[in-house]
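What follows is the content of protein19.csv (CSV, C-alpha atoms).
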```csv
chain,number,residue,atom,x,y,z
F,26,ALA,CA,22.9,27.0,12.8
F,27,HIS,CA,24.0,23.5,11.8
F,28,ASP,CA,22.7,20.3,13.3
F,29,SER,CA,26.3,19.2,13.8
F,30,ALA,CA,27.1,22.2,15.8
F,31,LEU,CA,28.2,21.7,19.4
F,32,THR,CA,27.0,24.2,22.0
F,33,THR,CA,28.4,23.4,25.4
F,34,ALA,CA,27.3,24.9,28.7
F,35,ALA,CA,30.2,26.2,30.7
F,36,VAL,CA,30.6,25.5,34.4
F,37,SER,CA,32.5,27.9,36.7
F,38,ALA,CA,34.2,26.2,39.6
F,39,ALA,CA,33.9,29.4,41.5
F,40,HIS,CA,30.1,29.2,41.4
F,41,ASP,CA,28.4,27.6,44.3
F,42,SER,CA,25.3,27.3,42.1
F,43,ALA,CA,27.1,25.1,39.5
F,44,LEU,CA,25.2,21.9,38.6
F,45,THR,CA,26.6,18.9,40.3
F,46,ALA,CA,27.9,15.9,38.3
F,47,ALA,CA,24.8,14.0,39.4
F,48,ALA,CA,22.5,16.7,38.2
F,49,VAL,CA,24.2,16.8,34.8
F,50,ALA,CA,23.9,13.1,34.5
F,51,GLU,CA,20.2,13.2,35.4
F,52,ILE,CA,19.5,15.8,32.7
F,53,ASN,CA,21.5,13.9,30.1
F,54,SER,CA,19.4,10.8,30.9
F,55,HIS,CA,16.4,12.5,29.5
F,56,LEU,CA,18.1,13.7,26.3
F,57,PRO,CA,18.7,11.9,23.1
F,58,PRO,CA,22.3,10.6,22.8
F,59,GLU,CA,23.3,13.1,20.1
F,60,VAL,CA,22.5,16.0,22.5
F,61,ARG,CA,24.7,16.3,25.6
F,62,LEU,CA,24.9,18.8,28.5
F,63,PHE,CA,28.3,19.2,30.1
F,64,GLY,CA,27.5,21.6,32.9
F,65,GLY,CA,25.7,24.7,33.9
F,66,CYS,CA,25.5,27.4,36.6
F,67,THR,CA,23.7,30.5,37.6
F,68,VAL,CA,24.8,33.8,35.8
F,69,ARG,CA,24.3,37.4,36.7
F,70,LYS,CA,21.0,39.0,35.8
F,71,SER,CA,22.4,41.1,33.0
F,72,PHE,CA,24.2,38.2,31.3
F,73,HIS,CA,23.4,37.6,27.6
F,74,CYS,CA,25.0,34.6,26.1
F,75,ARG,CA,25.5,36.2,22.7
F,76,GLU,CA,26.1,39.8,23.6
F,77,CYS,CA,28.5,38.9,26.4
F,78,ALA,CA,30.6,36.5,24.4
F,79,SER,CA,34.2,37.6,24.2
F,80,SER,CA,35.5,35.0,21.7
F,81,ARG,CA,34.3,32.0,19.7
F,82,SER,CA,36.2,29.0,18.5
F,83,TYR,CA,35.0,26.9,15.5
F,84,GLU,CA,36.3,23.8,13.9
F,85,TYR,CA,36.0,22.6,10.3
F,86,LEU,CA,36.4,19.0,9.5
F,87,LEU,CA,38.0,18.5,6.1
F,88,PRO,CA,39.2,15.3,4.4
F,89,ALA,CA,42.9,15.5,3.7
F,90,SER,CA,42.3,14.5,0.2
F,91,ALA,CA,40.5,17.8,-0.5
F,92,LEU,CA,43.9,19.6,-0.4
F,93,GLY,CA,44.7,18.7,-4.0
F,94,GLY,CA,48.5,18.6,-4.3
F,95,MET,CA,49.2,20.9,-1.4
F,96,GLY,CA,50.8,19.5,1.8
F,97,VAL,CA,49.3,19.9,5.2
F,98,ALA,CA,52.1,22.2,6.5
F,99,GLU,CA,51.7,24.5,3.5
F,100,PHE,CA,47.9,24.5,3.9
F,101,ASP,CA,48.3,25.4,7.5
F,102,ALA,CA,50.6,28.3,6.5
F,103,VAL,CA,47.9,29.6,4.1
F,104,LEU,CA,45.3,29.5,6.8
F,105,SER,CA,47.5,31.4,9.2
F,106,THR,CA,47.4,34.4,6.9
F,107,PHE,CA,44.0,35.1,8.2
F,108,GLU,CA,45.3,35.7,11.8
F,109,GLY,CA,45.2,39.2,13.1
F,110,SER,CA,42.9,42.2,12.5
F,111,HIS,CA,41.9,42.6,8.8
F,112,LYS,CA,39.3,43.9,6.5
F,113,VAL,CA,37.0,40.9,5.8
F,114,HIS,CA,34.7,42.3,3.2
F,115,ASN,CA,36.1,39.9,0.6
F,116,PHE,CA,35.6,36.9,2.8
F,117,CYS,CA,32.0,37.2,4.0
F,118,SER,CA,28.4,37.8,2.8
F,119,GLY,CA,26.7,41.2,2.7
F,120,LEU,CA,29.5,43.5,3.9
F,121,ARG,CA,30.6,45.1,0.6
F,122,GLY,CA,29.5,48.7,0.1
F,123,LYS,CA,28.0,49.9,-3.2
F,124,GLY,CA,28.7,53.0,-5.3
F,125,TRP,CA,32.4,53.4,-4.7
F,126,GLY,CA,33.2,52.9,-8.3
F,127,CYS,CA,36.8,52.0,-9.3
F,128,TRP,CA,40.3,53.0,-8.3
F,129,GLU,CA,42.2,54.4,-11.2
F,130,HIS,CA,46.0,54.0,-11.5
F,131,ASP,CA,48.2,54.6,-14.6
F,132,GLY,CA,45.3,54.0,-17.0
F,133,GLU,CA,44.2,50.8,-15.2
F,134,SER,CA,41.3,50.4,-12.8
F,135,TRP,CA,39.8,47.9,-10.3
F,136,PRO,CA,36.4,47.9,-8.5
F,137,LEU,CA,36.2,49.3,-5.0
F,138,ALA,CA,34.2,47.6,-2.2
F,139,LEU,CA,34.9,50.1,0.6
F,140,ASP,CA,35.5,53.8,0.8
F,141,PRO,CA,39.2,54.3,0.1
F,142,SER,CA,39.3,57.9,1.5
F,143,ARG,CA,39.1,56.7,5.1
F,144,ARG,CA,42.6,56.1,6.4
F,145,GLN,CA,41.8,52.9,8.2
F,146,GLY,CA,38.8,51.9,6.0
F,147,ALA,CA,35.4,51.3,7.4
F,148,ALA,CA,35.6,50.0,11.0
F,149,PHE,CA,32.6,47.7,10.5
F,150,ALA,CA,34.7,45.8,7.9
F,151,TYR,CA,37.4,44.7,10.4
F,152,ARG,CA,37.4,41.4,12.3
F,153,SER,CA,40.1,39.9,14.5
F,154,VAL,CA,41.1,36.3,14.1
F,155,LEU,CA,43.1,34.9,17.0
F,156,PHE,CA,44.0,31.6,15.5
F,157,CYS,CA,43.4,29.9,12.1
F,158,GLY,CA,45.2,26.7,11.2
F,159,VAL,CA,45.3,22.9,11.2
F,160,HIS,CA,44.6,21.8,14.8
F,161,ARG,CA,45.1,18.0,14.4
F,162,SER,CA,44.1,15.1,12.3
F,163,VAL,CA,41.7,12.2,12.9
F,164,VAL,CA,40.9,9.0,10.9
F,165,LEU,CA,37.2,8.7,10.0
F,166,ARG,CA,35.7,6.2,7.5
F,167,GLY,CA,39.2,4.9,6.9
F,168,GLN,CA,40.4,8.3,5.7
F,169,GLU,CA,42.6,11.0,7.3
F,170,HIS,CA,40.6,14.2,8.1
F,171,LEU,CA,42.0,17.5,9.2
F,172,VAL,CA,40.5,19.4,12.1
F,173,LEU,CA,40.8,23.0,11.3
F,174,ARG,CA,40.5,25.5,14.2
F,175,ILE,CA,39.4,29.1,13.8
F,176,ALA,CA,39.1,31.3,16.8
F,177,GLY,CA,38.2,35.0,16.9
F,178,VAL,CA,36.4,37.7,18.8
F,179,SER,CA,33.4,37.7,16.3
F,180,PHE,CA,32.7,36.6,12.8
F,181,MET,CA,30.6,38.0,9.9
F,182,LEU,CA,28.0,35.9,8.0
F,183,HIS,CA,29.6,32.9,6.3
F,184,GLN,CA,33.1,34.3,7.0
F,185,ILE,CA,34.6,31.0,8.1
F,186,ARG,CA,33.2,29.1,5.2
F,187,HIS,CA,34.6,31.8,2.8
F,188,MET,CA,38.0,31.6,4.5
F,189,ILE,CA,38.1,27.8,4.1
F,190,GLY,CA,37.0,28.1,0.5
F,191,THR,CA,39.7,30.6,-0.2
F,192,ALA,CA,42.4,28.4,1.3
F,193,LEU,CA,41.1,25.4,-0.8
F,194,ALA,CA,41.2,27.6,-4.0
F,195,ILE,CA,44.8,28.4,-3.3
F,196,ALA,CA,45.6,24.7,-2.5
F,197,HIS,CA,44.2,23.7,-5.9
F,198,GLY,CA,46.3,26.4,-7.7
F,199,LEU,CA,43.3,28.4,-8.7
F,200,VAL,CA,44.2,31.6,-6.8
F,201,PRO,CA,47.7,33.0,-6.4
F,202,ARG,CA,48.7,32.8,-2.7
F,203,ASP,CA,49.9,36.4,-2.5
F,204,THR,CA,46.3,37.6,-3.5
F,205,LEU,CA,45.0,36.5,-0.1
F,206,ALA,CA,47.1,38.9,1.9
F,207,LEU,CA,46.3,41.7,-0.6
F,208,ALA,CA,42.5,41.0,-0.3
F,209,LEU,CA,42.7,41.2,3.5
F,210,ARG,CA,44.4,44.7,3.4
F,211,SER,CA,42.8,46.4,0.5
F,212,PRO,CA,39.5,48.2,0.1
F,213,LEU,CA,39.3,46.7,-3.5
F,214,GLN,CA,36.7,44.1,-4.3
F,215,VAL,CA,38.6,40.8,-4.8
F,216,ASP,CA,36.5,37.7,-5.6
F,217,ILE,CA,38.6,34.8,-4.5
F,218,SER,CA,36.5,33.2,-1.7
F,219,PRO,CA,34.1,30.4,-2.8
F,220,LEU,CA,31.7,29.4,-0.1
F,221,ALA,CA,32.8,26.0,1.4
F,222,PRO,CA,30.0,23.6,2.5
F,223,GLY,CA,28.4,24.2,5.8
F,224,ALA,CA,28.3,20.5,6.8
F,225,GLY,CA,31.9,20.6,7.9
F,226,LEU,CA,31.5,23.5,10.3
F,227,LEU,CA,31.3,23.0,14.1
F,228,LEU,CA,30.9,25.6,16.8
F,229,ASP,CA,33.3,24.3,19.4
F,230,GLU,CA,33.6,26.8,22.3
F,231,ILE,CA,32.4,30.2,23.4
F,232,ARG,CA,34.2,32.3,26.0
F,233,TRP,CA,32.7,34.9,28.3
F,234,PHE,CA,35.3,37.3,29.7
F,235,ASP,CA,34.0,40.2,31.9
F,236,LEU,CA,36.2,43.2,31.2
F,237,GLY,CA,34.8,45.0,34.3
F,238,LYS,CA,35.8,42.1,36.6
F,239,ARG,CA,38.8,41.2,34.6
F,240,ALA,CA,37.7,37.6,35.0
F,241,GLU,CA,35.8,34.9,33.2
F,242,ASP,CA,32.0,35.1,33.6
F,243,LEU,CA,31.9,31.4,32.9
F,244,ALA,CA,34.7,29.0,32.4
F,245,PHE,CA,35.1,25.4,31.4
F,246,PRO,CA,36.5,23.1,34.1
F,247,PRO,CA,38.9,20.4,32.8
F,248,SER,CA,36.2,17.7,33.3
F,249,ALA,CA,33.8,19.6,30.9
F,250,HIS,CA,36.6,20.0,28.3
F,251,ALA,CA,37.4,16.3,28.5
F,252,ALA,CA,33.7,15.3,28.2
F,253,ALA,CA,33.2,17.6,25.2
F,254,GLU,CA,36.3,16.3,23.4
F,255,ALA,CA,35.1,12.7,24.0
F,256,PHE,CA,31.7,13.5,22.6
F,257,LYS,CA,33.1,15.1,19.5
F,258,GLU,CA,35.3,12.0,18.9
F,259,ALA,CA,32.5,9.6,19.4
F,260,SER,CA,29.5,11.4,17.9
F,261,LEU,CA,30.1,14.7,16.1
F,262,TYR,CA,33.2,13.9,13.9
F,263,PRO,CA,31.7,10.6,12.6
F,264,HIS,CA,28.4,12.4,11.9
F,265,ILE,CA,30.0,15.2,10.0
F,266,ALA,CA,32.2,12.8,8.0
F,267,GLU,CA,29.1,10.7,7.1
F,268,ARG,CA,27.3,13.8,6.0
F,269,LEU,CA,30.2,15.0,3.8
F,270,ALA,CA,30.4,11.6,2.2
F,271,SER,CA,26.7,10.8,1.8
F,272,GLU,CA,25.7,14.3,0.5
F,273,GLU,CA,28.9,14.6,-1.6
F,274,SER,CA,28.7,18.3,-0.8
F,275,LEU,CA,32.5,18.7,-0.7
F,276,GLU,CA,33.0,17.0,-4.0
F,277,ARG,CA,30.4,19.1,-5.7
F,278,PHE,CA,31.9,22.2,-4.1
F,279,LEU,CA,35.4,21.4,-5.4
F,280,GLY,CA,34.0,20.7,-8.9
F,281,ARG,CA,32.1,24.0,-9.0
F,282,MET,CA,35.2,25.8,-7.7
F,283,ARG,CA,37.4,24.3,-10.4
F,284,ASP,CA,34.8,25.2,-13.1
F,285,SER,CA,34.4,28.8,-11.8
F,286,PHE,CA,37.9,29.8,-10.8
F,287,GLY,CA,39.7,27.8,-13.5
F,288,GLY,CA,37.5,29.1,-16.4
F,289,ALA,CA,37.5,32.2,-18.5
F,290,LYS,CA,34.8,33.8,-16.4
F,291,HIS,CA,37.2,34.4,-13.5
F,292,TYR,CA,40.4,36.3,-13.2
F,293,SER,CA,43.2,35.6,-15.7
F,294,ALA,CA,47.0,35.9,-14.9
F,295,ALA,CA,46.8,39.3,-16.5
F,296,ASP,CA,43.9,40.3,-14.3
F,297,TYR,CA,45.9,39.3,-11.1
F,298,ALA,CA,48.9,41.3,-12.4
F,299,ARG,CA,46.6,44.4,-13.0
F,300,LEU,CA,45.1,43.9,-9.5
F,301,ARG,CA,48.6,44.0,-7.9
F,302,ARG,CA,49.5,47.2,-9.9
F,303,VAL,CA,46.3,49.0,-9.0
F,304,ASN,CA,46.5,48.0,-5.4
F,305,ALA,CA,50.1,49.2,-5.2
F,306,GLY,CA,49.0,52.6,-6.6
F,307,LEU,CA,46.2,52.7,-4.1
F,308,ALA,CA,48.5,51.9,-1.2
F,309,GLU,CA,51.0,54.6,-2.3
F,310,ALA,CA,48.2,57.2,-2.6
F,311,THR,CA,46.9,56.2,0.8
F,312,SER,CA,50.4,56.5,2.3
F,313,ARG,CA,50.9,60.0,0.8
F,314,ARG,CA,47.5,61.1,2.2
F,315,GLY,CA,48.4,59.8,5.6
F,316,ALA,CA,51.8,61.6,5.6
F,317,GLY,CA,50.1,64.8,4.6
```

Would you mind giving the structure from this file in C-alpha cells?
Amino acid sequence: AHDSALTTAAVSAAHDSALTAAAVAEINSHLPPEVRLFGGCTVRKSFHCRECASSRSYEYLLPASALGGMGVAEFDAVLSTFEGSHKVHNFCSGLRGKGWGCWEHDGESWPLALDPSRRQGAAFAYRSVLFCGVHRSVVLRGQEHLVLRIAGVSFMLHQIRHMIGTALAIAHGLVPRDTLALALRSPLQVDISPLAPGAGLLLDEIRWFDLGKRAEDLAFPPSAHAAAEAFKEASLYPHIAERLASEESLERFLGRMRDSFGGAKHYSAADYARLRRVNAGLAEATSRRGAG
C-alpha cells in the first residue's frame, strides 16, 4: 500500500444505517487532515471488502514532460491497448511459468512463459482491464500533470506500474508499439515492461456489485464523489507531485529505462523482427491445432 493511496468508504443511499453527514464530520474532526472519511454504512454479515470487490479504479499522476517526444493523444492511444481481457504475464511480477523452454519456428526460437499447448492459455494469466487512458490534466508545481485512469476487475502484483512503464518505454522510442499488442496475446516471454515508480499510484475507487441481487452492495452518493474529488485536488495530487519531485524517482526511473532498453543488453531491431516471426509461427500452429 502507498501512503498516497485514497481509500474511501462508500455510502448507500438505500441504507437506513448510513452515517449521517454530522456523524462523518464528527469522525473527521478526530482525524489528521491527510486522512478523510467520506461516509459509511452497515453491510451484510458475509461482506468482505476485498473478496466482494467487483472492480477497482486506480489513478497514476504523471508529469506531461515524462512523455518524451510523444503527444498526449498518442500516449492515450498506447494506453488504450491494454483495455480488454488479455494475458498479463509480461506485465506483472511473479506470474510467469518456468520450464516451458522455447518455441521453435523455421530455425528460430523465443522463450515461452506459458504453456502454449492450452488453446486459451492458462486462465490464471488473464485479467480484464475496463479502461486505461489519460483521464484529465492538472497543473501542479507550475507543471502540467496527466491523471491516468486504469479500471479493471482485478490486478496482479505491480501490474499497473508495469503497464505505465511499458507505455513510457514506447513513448521514448525504446520499444516498438506493435510489440505491446503482441505481448498481450502471446504466451511468449517478452520483456518490455519496466516498473514505474510507486509514488505516482493512487487507489481511487472500489465498487461492490452483488451478482445475486444484481445491485450494488455499496454505492457512492454524489456528495461522497464530490468530497473525494475535492480532497484529491487539495491534498493528494499536490502530495504525490511533491514526492515525485523531491525523491526524483521518476527521473531516476526514466534514466534507468533509457540505459536498459536503449543498450546492447536489451532487444535489438533484429530481435524484435525475430520475435514477430516466431510469434506468427506460434499463432499459425495454435490456429491449426484449434481447427483440428

Env of segment 157-161 of chain F: 10 Å cut, atoms = all atoms listed in the file, seq-sep filter 5 positions within chain, self excluded. Answer as a PDB file with C-alpha atoms, in the frame of the given file.
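Result file is around.pdb:
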```pdb
ATOM      1  CA  SER F  82      36.200  29.000  18.500  1.00  0.00           C
ATOM      2  CA  TYR F  83      35.000  26.900  15.500  1.00  0.00           C
ATOM      3  CA  GLU F  84      36.300  23.800  13.900  1.00  0.00           C
ATOM      4  CA  TYR F  85      36.000  22.600  10.300  1.00  0.00           C
ATOM      5  CA  LEU F  86      36.400  19.000   9.500  1.00  0.00           C
ATOM      6  CA  LEU F  87      38.000  18.500   6.100  1.00  0.00           C
ATOM      7  CA  VAL F  97      49.300  19.900   5.200  1.00  0.00           C
ATOM      8  CA  ALA F  98      52.100  22.200   6.500  1.00  0.00           C
ATOM      9  CA  PHE F 100      47.900  24.500   3.900  1.00  0.00           C
ATOM     10  CA  ASP F 101      48.300  25.400   7.500  1.00  0.00           C
ATOM     11  CA  ALA F 102      50.600  28.300   6.500  1.00  0.00           C
ATOM     12  CA  VAL F 103      47.900  29.600   4.100  1.00  0.00           C
ATOM     13  CA  LEU F 104      45.300  29.500   6.800  1.00  0.00           C
ATOM     14  CA  SER F 105      47.500  31.400   9.200  1.00  0.00           C
ATOM     15  CA  THR F 106      47.400  34.400   6.900  1.00  0.00           C
ATOM     16  CA  PHE F 107      44.000  35.100   8.200  1.00  0.00           C
ATOM     17  CA  GLU F 108      45.300  35.700  11.800  1.00  0.00           C
ATOM     18  CA  GLY F 109      45.200  39.200  13.100  1.00  0.00           C
ATOM     19  CA  HIS F 170      40.600  14.200   8.100  1.00  0.00           C
ATOM     20  CA  LEU F 171      42.000  17.500   9.200  1.00  0.00           C
ATOM     21  CA  VAL F 172      40.500  19.400  12.100  1.00  0.00           C
ATOM     22  CA  LEU F 173      40.800  23.000  11.300  1.00  0.00           C
ATOM     23  CA  ARG F 174      40.500  25.500  14.200  1.00  0.00           C
ATOM     24  CA  ILE F 175      39.400  29.100  13.800  1.00  0.00           C
ATOM     25  CA  ALA F 176      39.100  31.300  16.800  1.00  0.00           C
ATOM     26  CA  GLY F 177      38.200  35.000  16.900  1.00  0.00           C
ATOM     27  CA  ILE F 185      34.600  31.000   8.100  1.00  0.00           C
ATOM     28  CA  MET F 188      38.000  31.600   4.500  1.00  0.00           C
ATOM     29  CA  ILE F 189      38.100  27.800   4.100  1.00  0.00           C
TER      30      ILE F 189
END
```

**Fill in**
Between F:Ile231, F:Leu279, F:Leu199, F:Leu226, smallest distance to Ser179 of chain F by only C-alpha atoms belongs to F:Ile231

For the interface of segment 41-137 of chain F with segment 249-252 of chain F (cut-off 12 Å, counting all atoms listed in the file), please tabulate each contacting residue of segment 41-137 of chain F alongside its nearest pair of atoms and their separation in Å to one decimal, rows sorted by chain and increasing number, as a Markdown table.
```
| residue | atom | partner | partner_atom | distance |
| --- | --- | --- | --- | --- |
| F:Leu44 | CA | F:Ala249 | CA | 11.8 |
| F:Thr45 | CA | F:Ala249 | CA | 11.9 |
| F:Ala46 | CA | F:Ala249 | CA | 10.2 |
| F:Val49 | CA | F:Ala249 | CA | 10.7 |
| F:Ala50 | CA | F:Ala252 | CA | 11.9 |
| F:Arg61 | CA | F:Ala252 | CA | 9.4 |
| F:Leu62 | CA | F:Ala249 | CA | 9.3 |
| F:Phe63 | CA | F:Ala249 | CA | 5.6 |
| F:Gly64 | CA | F:Ala249 | CA | 6.9 |
| F:Gly65 | CA | F:Ala249 | CA | 10.0 |
```

**Request:** Find the residues near His130 of chain F: any atom within 12 Å, counting all atoms listed in the file, skip ones fewer than 5 places away on the same chain, and give them as a VMD selection string.
**Result:** chain F and resid 135 to 136 299 to 310

Could you give me, as a CSV table (one decimal) with C-alpha atoms, in the coordinates of the input, the residues that have an atom at most 10 Å away from the point (45.8, 24.8, -11.5) in the coordinates of the file, using only C-alpha atoms?
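Now in part-v9.csv:
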```
chain,number,residue,atom,x,y,z
F,93,GLY,CA,44.7,18.7,-4.0
F,94,GLY,CA,48.5,18.6,-4.3
F,194,ALA,CA,41.2,27.6,-4.0
F,195,ILE,CA,44.8,28.4,-3.3
F,196,ALA,CA,45.6,24.7,-2.5
F,197,HIS,CA,44.2,23.7,-5.9
F,198,GLY,CA,46.3,26.4,-7.7
F,199,LEU,CA,43.3,28.4,-8.7
F,200,VAL,CA,44.2,31.6,-6.8
F,201,PRO,CA,47.7,33.0,-6.4
F,283,ARG,CA,37.4,24.3,-10.4
F,286,PHE,CA,37.9,29.8,-10.8
F,287,GLY,CA,39.7,27.8,-13.5
```

**Request:** Measuring atom to atom with only C-alpha atoms, identify which of F:Thr204, F:Gly190, F:Leu243, F:Leu236 is nearest to Ala221 of chain F.
**Result:** F:Gly190

**Interatomic distance (Å, one decimal) between atom CA of Lys257 of chain F and atom CA of Gly280 of chain F** = 29.0 Å

**Asked** At what distance in Å, to one decimal, does atom CA of Leu227 of chain F lie from atom CA of Ala91 of chain F?
**Response**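 Going from atom CA of Ala91 of chain F over to atom CA of Leu227 of chain F covers 18.0 Å.
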
**atom CA of Leu220 of chain F to atom CA of Ala192 of chain F, straight-line distance in Å** =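 Computing the Euclidean distance for atom CA of Ala192 of chain F and atom CA of Leu220 of chain F yields 10.8 Å.
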
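If only C-alpha atoms are the atoms counted, then among F:Met282, F:Leu165, F:Ala294, F:Leu228 the closest residue to Pro263 of chain F is F:Leu165.
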
**Asked** Smallest atom-to-atom distance to Gly126 of chain F: which of F:Ala244, F:Leu213, F:Ala148, F:Ala298, using only C-alpha atoms?
**Response**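 Closest to Gly126 of chain F, using only C-alpha atoms: F:Leu213.
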
**Request:** Check the smallest atom-to-atom distance from each of F:Ala240, F:Pro212, F:Tyr292, F:Glu99 to Cys127 of chain F using all atoms listed in the file, then report the winner.
**Result:**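 Using all atoms listed in the file, Cys127 of chain F sits closest to F:Pro212.
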
**Asked** Nearest to Trp128 of chain F: which of F:Gln214, F:Arg239, F:Arg69, F:Leu193 is it, counting all atoms listed in the file?
**Response**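 Closest residue, counting all atoms listed in the file: F:Gln214.
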
**Request:** Do a neighbour search on Met181 of chain F at 12 Å with all atoms listed in the file, toss out local chain neighbours closer than 5 positions, and write the hits as a list of chain:residue names.
**Result:**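 Near neighbours after the sequence-gap exclusion: F:Lys112, F:Val113, F:His114, F:Asn115, F:Phe116, F:Cys117, F:Ser118, F:Gly119, F:Leu120, F:Arg121, F:Phe149, F:Ala150, F:Tyr151, F:Arg152, F:Ser153, F:Val154, F:Arg186, F:His187, F:Met188.
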
Excluding Leu275 of chain F and its own-chain neighbours fewer than 6 positions away, which residues fall within 10 Å of it when counting only C-alpha atoms? Please give them as a PDB file with C-alpha atoms, in the coordinates of the input.
```pdb
ATOM      1  CA  LEU F  87      38.000  18.500   6.100  1.00  0.00           C
ATOM      2  CA  PRO F  88      39.200  15.300   4.400  1.00  0.00           C
ATOM      3  CA  ALA F  91      40.500  17.800  -0.500  1.00  0.00           C
ATOM      4  CA  ALA F 221      32.800  26.000   1.400  1.00  0.00           C
ATOM      5  CA  PRO F 222      30.000  23.600   2.500  1.00  0.00           C
ATOM      6  CA  GLY F 223      28.400  24.200   5.800  1.00  0.00           C
ATOM      7  CA  ALA F 224      28.300  20.500   6.800  1.00  0.00           C
ATOM      8  CA  GLY F 225      31.900  20.600   7.900  1.00  0.00           C
ATOM      9  CA  ARG F 268      27.300  13.800   6.000  1.00  0.00           C
ATOM     10  CA  LEU F 269      30.200  15.000   3.800  1.00  0.00           C
ATOM     11  CA  ARG F 281      32.100  24.000  -9.000  1.00  0.00           C
TER      12      ARG F 281
END
```
